[in-house]
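> This is data_5.txt (compact mmCIF, C-alpha atoms and all ligand atoms).
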# COMPACT_ATOMS: atom_id res chain seq x y z
CA MET A 1 -25.29 -7.99 18.83
CA ILE A 2 -23.36 -11.21 19.44
CA LYS A 3 -20.20 -10.99 17.38
CA ALA A 4 -18.30 -14.01 16.11
CA ARG A 5 -14.80 -14.19 17.57
CA VAL A 6 -12.23 -14.31 14.77
CA GLY A 7 -8.54 -15.23 14.84
CA VAL A 8 -6.52 -14.12 11.80
CA LEU A 9 -3.45 -16.12 10.68
CA ILE A 10 -0.71 -14.25 8.84
CA SER A 11 2.88 -14.76 7.73
CA GLY A 12 3.82 -11.35 6.34
CA ARG A 13 2.57 -7.97 5.23
CA GLY A 14 -0.93 -8.47 6.58
CA SER A 15 -2.87 -6.13 4.31
CA ASN A 16 -5.88 -8.46 4.21
CA MET A 17 -5.80 -8.75 8.00
CA MET A 18 -5.81 -4.93 8.15
CA ALA A 19 -8.86 -4.84 5.87
CA LEU A 20 -10.65 -7.22 8.25
CA VAL A 21 -9.65 -5.16 11.30
CA GLU A 22 -10.87 -1.97 9.57
CA ALA A 23 -14.21 -3.56 8.65
CA ALA A 24 -14.68 -4.90 12.17
CA ARG A 25 -14.47 -1.38 13.61
CA ASP A 26 -18.01 -0.83 12.36
CA PRO A 27 -20.35 -1.51 15.32
CA ALA A 28 -22.75 -3.24 12.91
CA TYR A 29 -20.09 -5.70 11.66
CA PRO A 30 -21.00 -9.23 12.85
CA ALA A 31 -17.47 -10.31 13.82
CA GLU A 32 -14.63 -9.07 15.99
CA ILE A 33 -10.95 -9.75 15.45
CA VAL A 34 -9.76 -11.08 18.79
CA CYS A 35 -6.25 -12.13 17.84
CA VAL A 36 -3.70 -12.16 15.05
CA VAL A 37 -1.24 -15.04 14.96
CA SER A 38 1.91 -15.15 12.85
CA ASN A 39 4.27 -18.06 12.31
CA ARG A 40 7.03 -15.58 11.42
CA ALA A 41 8.64 -13.04 13.75
CA ASP A 42 9.21 -10.55 10.91
CA ALA A 43 5.53 -10.38 9.90
CA LYS A 44 4.76 -6.66 9.63
CA GLY A 45 1.13 -7.33 10.48
CA LEU A 46 1.96 -8.26 14.09
CA GLU A 47 2.93 -4.68 14.96
CA TYR A 48 -0.21 -3.36 13.33
CA ALA A 49 -2.41 -5.71 15.34
CA ALA A 50 -0.70 -4.87 18.63
CA SER A 51 -0.98 -1.14 17.94
CA HIS A 52 -4.72 -1.61 17.37
CA GLY A 53 -5.21 -3.28 20.74
CA ILE A 54 -5.55 -6.78 19.28
CA ALA A 55 -3.72 -9.73 20.83
CA ALA A 56 -0.72 -10.34 18.55
CA GLU A 57 0.85 -13.74 18.99
CA LEU A 58 3.99 -15.17 17.44
CA ILE A 59 3.99 -18.96 17.16
CA ASN A 60 7.22 -19.63 15.30
CA HIS A 61 7.01 -22.91 13.40
CA LYS A 62 10.80 -23.20 13.49
CA HIS A 63 10.62 -23.73 17.24
CA PHE A 64 8.65 -26.96 16.81
CA ALA A 65 10.10 -30.31 15.79
CA THR A 66 7.07 -31.36 13.76
CA ARG A 67 4.21 -29.78 11.83
CA GLU A 68 1.80 -31.47 14.25
CA SER A 69 3.40 -29.97 17.35
CA PHE A 70 3.34 -26.51 15.76
CA GLU A 71 -0.33 -26.98 14.93
CA ALA A 72 -1.11 -28.22 18.44
CA ALA A 73 0.31 -24.97 19.85
CA LEU A 74 -1.64 -22.94 17.31
CA ASP A 75 -4.85 -24.82 18.06
CA ALA A 76 -4.38 -24.43 21.82
CA TYR A 77 -3.83 -20.68 21.51
CA LEU A 78 -6.89 -20.17 19.29
CA ARG A 79 -9.08 -22.21 21.64
CA LYS A 80 -7.73 -20.34 24.67
CA MET A 81 -8.82 -17.13 22.93
CA ASN A 82 -12.29 -18.65 22.33
CA VAL A 83 -11.89 -18.17 18.59
CA GLU A 84 -14.90 -19.32 16.58
CA ILE A 85 -13.69 -18.53 13.04
CA ILE A 86 -10.15 -18.66 11.64
CA ALA A 87 -9.40 -16.28 8.76
CA CYS A 88 -6.16 -17.17 6.95
CA ALA A 89 -4.69 -14.03 5.39
CA GLY A 90 -1.41 -14.70 3.65
CA PHE A 91 -0.62 -17.54 6.04
CA MET A 92 2.12 -19.51 4.32
CA ARG A 93 2.06 -22.82 6.21
CA ILE A 94 0.19 -25.78 4.83
CA LEU A 95 -2.12 -27.10 7.55
CA THR A 96 -2.61 -30.83 8.04
CA PRO A 97 -6.00 -32.55 7.70
CA GLY A 98 -5.86 -33.19 11.47
CA PHE A 99 -5.83 -29.47 12.28
CA ILE A 100 -8.30 -28.60 9.54
CA SER A 101 -10.86 -31.19 10.65
CA GLY A 102 -11.17 -29.42 14.00
CA TRP A 103 -12.18 -26.17 12.27
CA LEU A 104 -14.13 -27.40 9.25
CA GLY A 105 -16.77 -24.87 8.20
CA ARG A 106 -15.15 -22.28 10.47
CA MET A 107 -11.86 -21.65 8.66
CA ILE A 108 -11.58 -19.52 5.52
CA ASN A 109 -8.81 -18.28 3.25
CA ILE A 110 -8.25 -15.59 0.63
CA HIS A 111 -6.52 -16.75 -2.54
CA PRO A 112 -5.28 -14.49 -5.35
CA SER A 113 -6.92 -16.22 -8.32
CA LEU A 114 -10.33 -17.22 -9.59
CA LEU A 115 -10.31 -20.73 -8.17
CA PRO A 116 -10.28 -23.46 -9.38
CA ALA A 117 -7.82 -21.70 -11.74
CA TYR A 118 -4.29 -21.26 -10.40
CA LYS A 119 -4.21 -23.06 -7.09
CA GLY A 120 -0.94 -22.66 -5.20
CA LEU A 121 1.72 -19.97 -5.62
CA HIS A 122 2.71 -17.39 -8.29
CA THR A 123 -0.85 -16.98 -9.51
CA HIS A 124 -0.31 -13.60 -11.20
CA GLU A 125 2.75 -14.76 -13.13
CA ARG A 126 0.90 -17.86 -14.31
CA ALA A 127 -2.19 -15.91 -15.39
CA LEU A 128 0.01 -13.52 -17.40
CA ALA A 129 1.99 -16.38 -18.96
CA ASP A 130 -1.28 -17.97 -20.10
CA GLY A 131 -2.53 -14.73 -21.64
CA ALA A 132 -5.57 -14.78 -19.35
CA LYS A 133 -7.97 -11.89 -20.01
CA VAL A 134 -9.65 -12.12 -16.62
CA HIS A 135 -8.12 -12.80 -13.20
CA GLY A 136 -9.21 -12.19 -9.63
CA CYS A 137 -9.47 -13.54 -6.13
CA THR A 138 -11.48 -16.05 -4.12
CA VAL A 139 -12.52 -16.42 -0.50
CA HIS A 140 -13.09 -20.10 0.22
CA HIS A 141 -13.49 -22.56 3.03
CA VAL A 142 -10.30 -24.36 4.00
CA THR A 143 -10.54 -28.11 3.51
CA ALA A 144 -7.91 -30.82 3.48
CA GLU A 145 -7.23 -30.35 -0.23
CA LEU A 146 -5.19 -27.17 -0.87
CA ASP A 147 -7.18 -24.23 -2.34
CA ALA A 148 -10.09 -26.53 -3.19
CA GLY A 149 -12.71 -25.83 -0.49
CA PRO A 150 -16.19 -24.41 -1.21
CA VAL A 151 -16.12 -20.88 -2.60
CA ILE A 152 -17.76 -18.13 -0.54
CA LEU A 153 -17.09 -15.08 -2.75
CA GLN A 154 -15.05 -14.20 -5.82
CA ALA A 155 -14.16 -10.94 -7.58
CA GLN A 156 -12.89 -10.53 -11.14
CA VAL A 157 -10.46 -7.99 -12.54
CA PRO A 158 -9.40 -7.45 -16.16
CA VAL A 159 -5.88 -8.35 -17.23
CA LEU A 160 -4.53 -5.36 -19.19
CA PRO A 161 -2.13 -5.66 -22.13
CA ASP A 162 0.79 -3.98 -20.35
CA ASP A 163 0.28 -5.69 -16.98
CA THR A 164 3.25 -6.98 -14.99
CA PRO A 165 2.87 -9.34 -12.03
CA ASP A 166 3.08 -6.26 -9.79
CA THR A 167 0.39 -4.20 -11.50
CA LEU A 168 -1.91 -7.19 -11.78
CA SER A 169 -1.30 -8.18 -8.17
CA ALA A 170 -2.15 -4.64 -7.00
CA ARG A 171 -5.44 -4.70 -8.94
CA VAL A 172 -6.34 -8.09 -7.46
CA LEU A 173 -5.28 -7.06 -3.96
CA SER A 174 -7.67 -4.14 -3.82
CA GLU A 175 -10.49 -6.58 -4.65
CA GLU A 176 -9.21 -8.96 -1.95
CA HIS A 177 -9.54 -6.13 0.58
CA ARG A 178 -13.12 -5.56 -0.56
CA ILE A 179 -14.43 -9.13 -0.62
CA TYR A 180 -12.62 -10.66 2.37
CA PRO A 181 -14.53 -8.55 4.94
CA GLN A 182 -17.78 -9.29 3.07
CA ALA A 183 -17.16 -13.04 3.06
CA LEU A 184 -16.20 -13.09 6.73
CA ALA A 185 -19.37 -11.19 7.59
CA MET A 186 -21.45 -13.70 5.61
CA LEU A 187 -19.95 -16.64 7.51
CA ALA A 188 -20.25 -14.88 10.88
CA ARG A 189 -23.94 -14.22 10.28
CA GLN A 190 -24.49 -17.84 9.25
CA LEU A 191 -22.85 -19.20 12.39
CA ASN A 192 -24.63 -16.90 14.83
C1 LIG A 201 -2.64 -12.12 -0.71
O1 LIG A 201 -2.48 -11.93 -2.08
C2 LIG A 201 -3.50 -13.33 -0.44
O2 LIG A 201 -4.47 -13.53 -1.41
C3 LIG A 201 -2.50 -14.45 -0.47
O3 LIG A 201 -1.34 -13.92 0.11
C4 LIG A 201 -1.32 -12.49 -0.03
C5 LIG A 201 -1.23 -11.95 1.36
O4 LIG A 201 -1.12 -10.55 1.37
N1 LIG A 201 -3.03 -15.61 0.20
P1 LIG A 201 -1.31 -9.77 2.74
O5 LIG A 201 -0.32 -10.36 3.75
O6 LIG A 201 -2.72 -9.94 3.18
O7 LIG A 201 -0.98 -8.35 2.43
Could you spell out this file's structure in structure tokens?

Amino acid sequence: MIKARVGVLISGRGSNMMALVEAARDPAYPAEIVCVVSNRADAKGLEYAASHGIAAELINHKHFATRESFEAALDAYLRKMNVEIIACAGFMRILTPGFISGWLGRMINIHPSLLPAYKGLHTHERALADGAKVHGCTVHHVTAELDAGPVILQAQVPVLPDDTPDTLSARVLSEEHRIYPQALAMLARQLN
């Protein structure tokens, strides 16, 4: 089977990246994780990737004078690794339309809300403040407008009366770990 070559972008914990790596261990999975890139040196996920034999690359945005020069280095690394699909997984840098246009249709993201509700940050706090009864997560294509690209998959969870941002976030996160590998597989199959 020809597997799509995937680069995962992270900035921190990396639990979604780990879910993708786990899924990709299945010989029947249509994608392989060829590299994990972090813009932060303290991203826990880098160690995990390296210890699983995956190229783990730090491209520290603070070492670049401009957003564009950081993105040029990121783009060059991903192309050197022959990456075909970028999976953003808790990557906390906003990417410019210039970078995104080079990967359109081949770059996806996981977002902790039922988009188009709660774009941006602090989604669990905002859902609780609104008294939302249902919350969830979305895997979507990355386009120039933040958190607004075409949806690939969503999963819903209930909001319970005694939920805190932490309990709600944990319930959403376990759904993220379930649907992100599914959505990546769908895209990989489409592209191959
Ligand atoms: C997740 O909630 C994801 O939806 C959001 O950032 C968080 C990253 O968590 N984009 P992790 O680094 O994958 O554990």
> Between atom CA of Asp75 of chain A and atom C4 of ligand LIG 201 (chain A), what distance in Å does the model show, to one decimal?
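Computing the Euclidean distance for atom CA of Asp75 of chain A and atom C4 of ligand LIG 201 (chain A) yields 22.2 Å.
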> May I ask which of the residues A:Ile2, A:Lys44, A:Glu68, A:Ser15 is the closest one to Pro30 of chain A, counting only C-alpha atoms?
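Of A:Ile2, A:Lys44, A:Glu68, A:Ser15, the one nearest Pro30 of chain A, counting only C-alpha atoms, is A:Ile2.
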> For a cutoff of 12 Å around the file-coordinate point (2.6, -21.1, 20.4), which residues qualify once you count all atoms listed in the file? I'd like the result as a PyMOL selection string.
chain A and resi 37-40+56-64+69-80
> Using Å and a single decimal, report how far atom CA of Val21 of chain A sits from atom CA of Asp166 of chain A.
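These two atoms are separated by 24.7 Å.
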> Go through A:Ile152, A:Ser101, A:Val6, A:Ile110 and flag the residue nearest Leu173 of chain A, using only C-alpha atoms for the distances.
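Once distances to Leu173 of chain A are computed over only C-alpha atoms, the minimum belongs to A:Ile110.
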> How many Å lie between atom CA of Gly105 of chain A and atom CA of Glu145 of chain A, rounded to one decimal?
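Distance reported for this atom pair: 13.9 Å.
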> To check your reading of the model: which residues sit at most 6 Å from ligand LIG 201 (chain A) when counting all atoms listed in the file? Write the answer as a list in words.
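So, counting all atoms listed in the file, the residues near ligand LIG 201 (chain A) are Gly12, Arg13, Gly14, Ser15, Asn16, Met17, Ala89, Gly90, Ile110, His111, Pro112 and Leu173 of chain A.
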